[in-house]
Structures are given as C-alpha cells and as structure tokens.
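Structure first, then comments.
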Amino acid sequence: MIVRDLTDEARRLTLLRFGRTIQLYAPLYLSNECIDICKYCGFSLENKITRKTLSVEEVLSEANYLTSQGFKHLLLVSGEHPRLVSPGYLKEIATKLKPRLASLSIEVAPFREEEYRELISAGVDGVVIYQETYNQKRYEEVHLAGPKKNYSRRLEAPEAAARAGMRRIGMGILVGLSEWKDDLEALIQHVRCMKKKFWQTEFTVSLPRLRPCAGNYEISSPVSDEQFLKMICALRIALPDVGILLSTRESPQLRDRLIGVGVTQMSAGSRTEPGGYLKPEESEGQFEIEDMRTPAEVAAAIMAHGYEPVWKDWENIL
Ligand code: SF4
C-alpha cells in the first residue's frame, strides 16, 4: 500500500470507530526519583538532576491547575520508586482527586495484582505500562540496573493490572530504541493477545518517540516524521478499535497532521517536571517537550481541523 492509501484507510477506520473527536488529557508528574538506570531517560538514577517527590497537597494543587484549564482526564506519572510512590501514596491521591475527574490513570512502577485492586477501589481506572522495546537484546543493553532490567517481568506487567480488573490499559514502545517495524509488529501481537485474553478491558497504545534528555543518550534507531506517520496508520489498520495516544513530544505541525489519521487522544500543555505546572524551577523534567502550545491553543487547532476536542468522555455512574 502506498502512503496516501495507508493514510486514507487509517482515516476511514478512525472516523468509523471514533467519530470526529480527539480526547484531551494531561500528565501530572508526581516524582522524578527512580531506582532504575535506563540509558535513555532523564530520570535515570545515575543522572545528577534535582530530584523531587510531590506531597499529596502539592499534587492536589497541580491537579487544581489542570482542571482549571479544562482537563478531566489525568495521568499520574513518576519514576520507578515503589517506596516513595507507593500504592498507599497513590491511593490517598486517588481518593481525593477522583471525585473531580472523569478518569485517573497511572504510569508508575508495575504493582502486584492485589495492589492494583486496591488502587481501583480508590478510583484509579487506567494503567500505562510500555514495554519500550520487544527486542530483548536491545532491552538489556539500555536497561542497566533496577527492577525494570527484568525483560519478562516488564512483559507480564500489564496482565496483573488486567487480572485485577483495571478498566483501561495503555501499552506501547519507545520509538527510536530499536528497529521500528519489528517493534511495531511485536506490539500489535502483544495487544491482540491481551485483547483476546481480557476482552472486557479497553486497550490503548502509544508510540512515544525518544527525545533529548539529561544523560545525552544517542538515539540508536531514529525514526523520521514520515515513518512515524506510517507507524500510526499501520497501528490503526491492525488494531481498528484501539485508542491511540499522542504526546507533546511531537511537533505542533506533526500533531496537527495526525489529527483524524489514527490518533484519538492527545495531551496538551504538558510539563514533565514534578510540580512543573505551578513551580517548574524546583525540579527537572524527563525529556524535552516539542509542542509548547497551551491546552486552549491545542483545542483550537483540533477544531480548526473539523474535529471536536473532548475534555470528558466517560463517567462512572455505578
Ligand atoms: S524509564 Fe522509567 S524506570 Fe527507567 S529511569 Fe526513566 S523513570 Fe526510571
């Protein structure tokens, strides 16, 4: 299939399954402390950056700021530090935050099934666990120390959340770590397998592209914008009913171009430092942001493309 046909088919399927809508969400970074050494990440233990973990009150202040911008879907993000960012800490935050939100997801260290059950009862309804790369040799080359170094543990992590009954699970690869065609194929197979096994769970996928960060990791398999577009189209055609997320790692031009092609959810106005919405000078972020537009500007761009920005698409009324 040539690229134009690929794009048309991806656009057709996206329109059919999701309509002319793009849901907006925001990441809320809780902590940049991490016990792992991952060569590509600004939060890696060996990087000399200013570290910070937000208090529950600070998290609530950041969330207040985000809800005042219109967000109802938040993603709590942190490095892997199960003692500082523990299930107990997350439960306290979820209990206080969830009543004001449509959905609350976490992208933190993988937990055990029973811990996920507790988090669900506190209000967490989504978990994001990216495999980064399915190439085991490459995986071991870039994950040097810490629990994340264990490839199989990572591979099996989404299942614990699914078994616990998590409503939504996000999966993905870190684009640029390894040969993209192999990784994309493996991701598609993994998602299909999970969908078959856990048919009541909703799955989303994301393809974060490697960005410059502290540690100056050299991107080993760079992917161009055209290749990235192809990846999104291939993903949509292979997994027609799976939501595709797009972060502010990408440029405004590319993000606008991808509206309707396959992407169904976008973050906007993101900061990757813990406390970065209100006090960005107090700590350091995970990577550089490319789309610096405000949430309102991103919403306006979505509308200019004939799509509706959705701030709230779901409410648990049971
Ligand atoms: S990728 Fe995750 S686990 Fe690895 S250093 Fe970064 S925050 Fe820590």
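FYI, nothing fancy with the structure tokens labels: chains A, B, ... in order, residues from 1 per chain, ligands from 1 as they appear.
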> What do you get as a VMD selection string if you pick all residues at most 12 Å from ligand 1, counting only C-alpha atoms and all ligand atoms?
Replying inline: chain A and resid 29 to 47 51 77 to 82 85 107 to 110 128 to 133 139 142 to 150 154 173 to 174 208 210 213 to 215 272 to 273 285 to 287
>> Going by DSSP on the backbone, which residues of range 59-246 of chain A come out as helix (DSSP H, G or I)? List them as a ChimeraX atom specification.
In response: /A:59-68,87-100,113-122,136-142,147-149,151-164,180-197,225-238
> What is the distance, in Å and to one decimal place, between CA of Asn216 in chain A and CA of Lys48 in chain A?
Replying inline: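 Taking CA of Asn216 in chain A as the start and CA of Lys48 in chain A as the end point, the length is 12.2 Å.
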For range 8-23 of chain A: contacts at 12 Å, only C-alpha atoms, fewer than 6 positions along chain excluded, given as a PDB file with N, CA and C atoms, in the first residue's frame:
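See selection13.pdb below for the written result:
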ATOM      1  N   MET A   1       0.843  -1.204   0.000  1.00  0.00           N
ATOM      2  CA  MET A   1       0.000   0.000   0.000  1.00  0.00           C
ATOM      3  C   MET A   1       0.885   1.264   0.000  1.00  0.00           C
ATOM      4  N   ILE A   2       0.567   2.237  -0.869  1.00  0.00           N
ATOM      5  CA  ILE A   2       1.366   3.453  -0.822  1.00  0.00           C
ATOM      6  C   ILE A   2       0.885   4.342   0.332  1.00  0.00           C
ATOM      7  N   GLY A  70      -9.396  22.901  32.103  1.00  0.00           N
ATOM      8  CA  GLY A  70     -10.442  22.133  31.422  1.00  0.00           C
ATOM      9  C   GLY A  70     -10.266  20.623  31.491  1.00  0.00           C
ATOM     10  N   PHE A  71      -9.087  20.137  31.913  1.00  0.00           N
ATOM     11  CA  PHE A  71      -8.837  18.688  31.889  1.00  0.00           C
ATOM     12  C   PHE A  71      -9.695  17.931  32.903  1.00  0.00           C
ATOM     13  N   LYS A  72     -10.227  16.784  32.448  1.00  0.00           N
ATOM     14  CA  LYS A  72     -10.973  15.885  33.335  1.00  0.00           C
ATOM     15  C   LYS A  72     -10.348  14.500  33.320  1.00  0.00           C
ATOM     16  N   HIS A  73      -9.353  14.309  32.431  1.00  0.00           N
ATOM     17  CA  HIS A  73      -8.654  13.036  32.337  1.00  0.00           C
ATOM     18  C   HIS A  73      -7.186  13.291  32.692  1.00  0.00           C
ATOM     19  N   LEU A  74      -6.742  12.736  33.820  1.00  0.00           N
ATOM     20  CA  LEU A  74      -5.360  12.955  34.237  1.00  0.00           C
ATOM     21  C   LEU A  74      -4.593  11.642  34.274  1.00  0.00           C
ATOM     22  N   ALA A 102     -13.056  12.692  35.407  1.00  0.00           N
ATOM     23  CA  ALA A 102     -13.758  11.639  34.658  1.00  0.00           C
ATOM     24  C   ALA A 102     -12.918  10.368  34.677  1.00  0.00           C
ATOM     25  N   SER A 103     -11.596  10.540  34.617  1.00  0.00           N
ATOM     26  CA  SER A 103     -10.757   9.339  34.693  1.00  0.00           C
ATOM     27  C   SER A 103      -9.369   9.668  35.228  1.00  0.00           C
ATOM     28  N   LEU A 229       4.394   8.652  10.780  1.00  0.00           N
ATOM     29  CA  LEU A 229       3.044   8.678  10.212  1.00  0.00           C
ATOM     30  C   LEU A 229       2.639   7.268   9.755  1.00  0.00           C
ATOM     31  N   LYS A 230       3.551   6.587   9.097  1.00  0.00           N
ATOM     32  CA  LYS A 230       3.275   5.215   8.640  1.00  0.00           C
ATOM     33  C   LYS A 230       2.980   4.301   9.826  1.00  0.00           C
ATOM     34  N   MET A 231       3.735   4.491  10.912  1.00  0.00           N
ATOM     35  CA  MET A 231       3.522   3.653  12.098  1.00  0.00           C
ATOM     36  C   MET A 231       2.115   3.828  12.651  1.00  0.00           C
ATOM     37  N   ILE A 232       1.677   5.097  12.728  1.00  0.00           N
ATOM     38  CA  ILE A 232       0.326   5.381  13.254  1.00  0.00           C
ATOM     39  C   ILE A 232      -0.724   4.722  12.351  1.00  0.00           C
ATOM     40  N   CYS A 233      -0.529   4.860  11.028  1.00  0.00           N
ATOM     41  CA  CYS A 233      -1.500   4.272  10.085  1.00  0.00           C
ATOM     42  C   CYS A 233      -1.527   2.755  10.227  1.00  0.00           C
ATOM     43  N   ALA A 234      -0.354   2.141  10.302  1.00  0.00           N
ATOM     44  CA  ALA A 234      -0.281   0.678  10.397  1.00  0.00           C
ATOM     45  C   ALA A 234      -0.955   0.191  11.685  1.00  0.00           C
ATOM     46  N   LEU A 235      -0.749   0.942  12.740  1.00  0.00           N
ATOM     47  CA  LEU A 235      -1.349   0.600  14.027  1.00  0.00           C
ATOM     48  C   LEU A 235      -2.881   0.653  13.930  1.00  0.00           C
ATOM     49  N   ARG A 236      -3.375   1.713  13.315  1.00  0.00           N
ATOM     50  CA  ARG A 236      -4.835   1.869  13.190  1.00  0.00           C
ATOM     51  C   ARG A 236      -5.431   0.743  12.358  1.00  0.00           C
ATOM     52  N   ILE A 237      -4.760   0.395  11.261  1.00  0.00           N
ATOM     53  CA  ILE A 237      -5.303  -0.644  10.377  1.00  0.00           C
ATOM     54  C   ILE A 237      -5.237  -2.018  11.073  1.00  0.00           C
ATOM     55  N   ALA A 238      -4.178  -2.253  11.829  1.00  0.00           N
ATOM     56  CA  ALA A 238      -4.026  -3.552  12.508  1.00  0.00           C
ATOM     57  C   ALA A 238      -4.936  -3.672  13.732  1.00  0.00           C
ATOM     58  N   LEU A 239      -5.184  -2.526  14.390  1.00  0.00           N
ATOM     59  CA  LEU A 239      -5.995  -2.543  15.624  1.00  0.00           C
ATOM     60  C   LEU A 239      -7.083  -1.466  15.496  1.00  0.00           C
ATOM     61  N   PRO A 240      -8.123  -1.727  14.687  1.00  0.00           N
ATOM     62  CA  PRO A 240      -9.068  -0.655  14.338  1.00  0.00           C
ATOM     63  C   PRO A 240      -9.800  -0.027  15.522  1.00  0.00           C
ATOM     64  N   ASP A 241     -10.030  -0.798  16.590  1.00  0.00           N
ATOM     65  CA  ASP A 241     -10.843  -0.220  17.671  1.00  0.00           C
ATOM     66  C   ASP A 241     -10.036   0.147  18.921  1.00  0.00           C
ATOM     67  N   VAL A 242      -8.737   0.310  18.764  1.00  0.00           N
ATOM     68  CA  VAL A 242      -7.892   0.648  19.913  1.00  0.00           C
ATOM     69  C   VAL A 242      -7.564   2.153  19.880  1.00  0.00           C
ATOM     70  N   GLY A 243      -7.721   2.820  21.019  1.00  0.00           N
ATOM     71  CA  GLY A 243      -7.397   4.246  21.088  1.00  0.00           C
ATOM     72  C   GLY A 243      -5.893   4.464  20.921  1.00  0.00           C
ATOM     73  N   ILE A 244      -5.522   5.516  20.194  1.00  0.00           N
ATOM     74  CA  ILE A 244      -4.087   5.817  20.000  1.00  0.00           C
ATOM     75  C   ILE A 244      -3.798   7.188  20.612  1.00  0.00           C
ATOM     76  N   LEU A 245      -2.818   7.218  21.513  1.00  0.00           N
ATOM     77  CA  LEU A 245      -2.464   8.455  22.219  1.00  0.00           C
ATOM     78  C   LEU A 245      -1.260   9.122  21.574  1.00  0.00           C
ATOM     79  N   LEU A 246      -1.273  10.457  21.606  1.00  0.00           N
ATOM     80  CA  LEU A 246      -0.137  11.210  21.051  1.00  0.00           C
ATOM     81  C   LEU A 246       0.291  12.266  22.066  1.00  0.00           C
ATOM     82  N   ARG A 255       1.646  16.948  14.977  1.00  0.00           N
ATOM     83  CA  ARG A 255       0.449  16.617  15.779  1.00  0.00           C
ATOM     84  C   ARG A 255      -0.812  17.027  15.014  1.00  0.00           C
ATOM     85  N   ASP A 256      -0.773  18.221  14.409  1.00  0.00           N
ATOM     86  CA  ASP A 256      -1.947  18.675  13.656  1.00  0.00           C
ATOM     87  C   ASP A 256      -2.196  17.755  12.462  1.00  0.00           C
ATOM     88  N   ARG A 257      -1.114  17.323  11.825  1.00  0.00           N
ATOM     89  CA  ARG A 257      -1.245  16.458  10.657  1.00  0.00           C
ATOM     90  C   ARG A 257      -1.851  15.096  11.033  1.00  0.00           C
ATOM     91  N   LEU A 258      -1.612  14.669  12.257  1.00  0.00           N
ATOM     92  CA  LEU A 258      -2.081  13.338  12.678  1.00  0.00           C
ATOM     93  C   LEU A 258      -3.521  13.338  13.212  1.00  0.00           C
ATOM     94  N   ILE A 259      -4.103  14.544  13.354  1.00  0.00           N
ATOM     95  CA  ILE A 259      -5.495  14.605  13.835  1.00  0.00           C
ATOM     96  C   ILE A 259      -6.379  13.873  12.828  1.00  0.00           C
ATOM     97  N   GLY A 260      -7.101  12.891  13.306  1.00  0.00           N
ATOM     98  CA  GLY A 260      -8.013  12.150  12.443  1.00  0.00           C
ATOM     99  C   GLY A 260      -7.369  10.995  11.697  1.00  0.00           C
ATOM    100  N   VAL A 261      -6.052  10.971  11.603  1.00  0.00           N
ATOM    101  CA  VAL A 261      -5.392   9.883  10.854  1.00  0.00           C
ATOM    102  C   VAL A 261      -5.449   8.566  11.629  1.00  0.00           C
ATOM    103  N   GLY A 262      -5.405   8.659  12.947  1.00  0.00           N
ATOM    104  CA  GLY A 262      -5.417   7.429  13.737  1.00  0.00           C
ATOM    105  C   GLY A 262      -5.465   7.768  15.204  1.00  0.00           C
ATOM    106  N   VAL A 263      -4.916   8.948  15.506  1.00  0.00           N
ATOM    107  CA  VAL A 263      -4.833   9.392  16.897  1.00  0.00           C
ATOM    108  C   VAL A 263      -6.230   9.707  17.434  1.00  0.00           C
ATOM    109  N   THR A 264      -6.500   9.298  18.671  1.00  0.00           N
ATOM    110  CA  THR A 264      -7.810   9.572  19.269  1.00  0.00           C
ATOM    111  C   THR A 264      -7.697  10.378  20.569  1.00  0.00           C
ATOM    112  N   GLN A 265      -6.492  10.430  21.138  1.00  0.00           N
ATOM    113  CA  GLN A 265      -6.303  11.157  22.395  1.00  0.00           C
ATOM    114  C   GLN A 265      -4.980  11.914  22.332  1.00  0.00           C
ATOM    115  N   MET A 266      -4.980  13.130  22.848  1.00  0.00           N
ATOM    116  CA  MET A 266      -3.764  13.951  22.834  1.00  0.00           C
ATOM    117  C   MET A 266      -3.554  14.604  24.192  1.00  0.00           C
ATOM    118  N   SER A 267      -2.303  14.686  24.616  1.00  0.00           N
ATOM    119  CA  SER A 267      -2.008  15.511  25.786  1.00  0.00           C
ATOM    120  C   SER A 267      -1.761  16.928  25.281  1.00  0.00           C
ATOM    121  N   ALA A 268      -1.841  17.894  26.197  1.00  0.00           N
ATOM    122  CA  ALA A 268      -1.641  19.291  25.784  1.00  0.00           C
ATOM    123  C   ALA A 268      -1.101  20.088  26.960  1.00  0.00           C
ATOM    124  N   PRO A 295      -3.203  24.315  26.377  1.00  0.00           N
ATOM    125  CA  PRO A 295      -4.340  23.421  26.098  1.00  0.00           C
ATOM    126  C   PRO A 295      -5.402  24.101  25.217  1.00  0.00           C
ATOM    127  N   VAL A 298      -4.269  24.075  21.626  1.00  0.00           N
ATOM    128  CA  VAL A 298      -4.374  22.733  21.021  1.00  0.00           C
ATOM    129  C   VAL A 298      -5.848  22.434  20.699  1.00  0.00           C
ATOM    130  N   ALA A 299      -6.736  22.785  21.635  1.00  0.00           N
ATOM    131  CA  ALA A 299      -8.176  22.564  21.393  1.00  0.00           C
ATOM    132  C   ALA A 299      -8.620  23.343  20.153  1.00  0.00           C
ATOM    133  N   ALA A 300      -8.116  24.572  20.006  1.00  0.00           N
ATOM    134  CA  ALA A 300      -8.493  25.398  18.839  1.00  0.00           C
ATOM    135  C   ALA A 300      -7.970  24.750  17.548  1.00  0.00           C
ATOM    136  N   ALA A 301      -6.770  24.181  17.604  1.00  0.00           N
ATOM    137  CA  ALA A 301      -6.203  23.526  16.412  1.00  0.00           C
ATOM    138  C   ALA A 301      -7.042  22.304  16.033  1.00  0.00           C
ATOM    139  N   ILE A 302      -7.506  21.571  17.038  1.00  0.00           N
ATOM    140  CA  ILE A 302      -8.351  20.385  16.772  1.00  0.00           C
ATOM    141  C   ILE A 302      -9.640  20.831  16.066  1.00  0.00           C
ATOM    142  N   MET A 303     -10.221  21.910  16.574  1.00  0.00           N
ATOM    143  CA  MET A 303     -11.472  22.407  15.971  1.00  0.00           C
ATOM    144  C   MET A 303     -11.221  22.910  14.547  1.00  0.00           C
ATOM    145  N   ALA A 304     -10.083  23.563  14.358  1.00  0.00           N
ATOM    146  CA  ALA A 304      -9.768  24.085  13.017  1.00  0.00           C
ATOM    147  C   ALA A 304      -9.652  22.945  12.002  1.00  0.00           C
ATOM    148  N   HIS A 305      -9.395  21.735  12.464  1.00  0.00           N
ATOM    149  CA  HIS A 305      -9.322  20.577  11.566  1.00  0.00           C
ATOM    150  C   HIS A 305     -10.675  19.868  11.443  1.00  0.00           C
ATOM    151  N   GLY A 306     -11.708  20.474  12.003  1.00  0.00           N
ATOM    152  CA  GLY A 306     -13.050  19.891  11.880  1.00  0.00           C
ATOM    153  C   GLY A 306     -13.328  18.796  12.900  1.00  0.00           C
ATOM    154  N   TYR A 307     -12.522  18.741  13.948  1.00  0.00           N
ATOM    155  CA  TYR A 307     -12.723  17.722  14.996  1.00  0.00           C
ATOM    156  C   TYR A 307     -13.133  18.398  16.295  1.00  0.00           C
ATOM    157  N   GLU A 308     -13.759  17.600  17.165  1.00  0.00           N
ATOM    158  CA  GLU A 308     -14.216  18.167  18.440  1.00  0.00           C
ATOM    159  C   GLU A 308     -13.249  17.775  19.556  1.00  0.00           C
ATOM    160  N   PRO A 309     -12.699  18.757  20.282  1.00  0.00           N
ATOM    161  CA  PRO A 309     -11.864  18.397  21.431  1.00  0.00           C
ATOM    162  C   PRO A 309     -12.751  17.947  22.592  1.00  0.00           C
ATOM    163  N   VAL A 310     -12.508  16.770  23.124  1.00  0.00           N
ATOM    164  CA  VAL A 310     -13.362  16.236  24.187  1.00  0.00           C
ATOM    165  C   VAL A 310     -12.584  16.274  25.502  1.00  0.00           C
ATOM    166  N   TRP A 311     -13.110  17.022  26.462  1.00  0.00           N
ATOM    167  CA  TRP A 311     -12.422  17.141  27.760  1.00  0.00           C
ATOM    168  C   TRP A 311     -12.864  16.048  28.717  1.00  0.00           C
ATOM    169  N   LYS A 312     -14.059  15.486  28.449  1.00  0.00           N
ATOM    170  CA  LYS A 312     -14.600  14.475  29.353  1.00  0.00           C
ATOM    171  C   LYS A 312     -15.406  13.494  28.527  1.00  0.00           C
ATOM    172  N   ASP A 313     -14.993  12.234  28.481  1.00  0.00           N
ATOM    173  CA  ASP A 313     -15.730  11.304  27.618  1.00  0.00           C
ATOM    174  C   ASP A 313     -16.328  10.136  28.389  1.00  0.00           C
ATOM    175  N   TRP A 314     -16.220  10.143  29.702  1.00  0.00           N
ATOM    176  CA  TRP A 314     -16.664   8.964  30.435  1.00  0.00           C
ATOM    177  C   TRP A 314     -16.928   9.340  31.882  1.00  0.00           C
TER     178      TRP A 314
END
>> With distances taken over only C-alpha atoms, which residue among A:Gln200, A:Leu119, A:Leu24, A:Thr50 lies nearest Gln69 in chain A?
In response: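 So, comparing all the options, the nearest one is A:Leu24.
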> Residues at most 9 Å from Asn135 in chain A, counting only C-alpha atoms, excluding those fewer than 2 positions away in the same chain, as a list in words?
Replying inline: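 After dropping sequence-adjacent residues, the list is Thr133, Lys137, Arg138, Tyr139, Glu140, Ser178, Glu179, Asp182, Asp183 and Ala186 of chain A.
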> Quick one: distance from CA of Pro222 in chain A to CA of Lys181 in chain A in Å, one decimal?
Replying inline: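 According to the coordinates, CA of Pro222 in chain A and CA of Lys181 in chain A are separated by 12.2 Å.
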> Quick one: of A:Met166, A:Leu90, A:Leu76, A:Met292, who's nearest to Ser251 in chain A, counting only C-alpha atoms?
Replying inline: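 Going through A:Met166, A:Leu90, A:Leu76, A:Met292 one by one, the smallest distance to Ser251 in chain A is for A:Met292.
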> Skipping near chain neighbours, those fewer than 6 positions away, what residues fall within 6 Å of range 168-171 of chain A using only C-alpha atoms, listed as a PyMOL selection string?
Replying inline: chain A and resi 126-130+201-205
> With only C-alpha atoms as the basis for distance, which of A:Arg117, A:Glu288, A:Pro280, A:Arg211 is at the shortest distance from Ala162 in chain A?
Replying inline: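 For Ala162 in chain A, the nearest of the given residues is A:Arg117.
Backbone DSSP assigns strand (DSSP E) in range 192-290 of chain A to Glu202, Phe203, Thr204, Val205, Ser206, Gly243, Ile244, Leu245, Leu246, Gln265, Met266 and Ser267 of chain A.
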> What is the CA of Tyr25 in chain A to CA of Thr95 in chain A distance in Å?
Replying inline: 19.2 Å
>> Need the shell around Leu97 in chain A: protein/DNA/RNA residues with any atom at most 8 Å away, counting only C-alpha atoms. Skip same-chain ones fewer than 3 positions apart. Format as a ChimeraX atom specification?
In response: /A:60,63,93-94,100-101
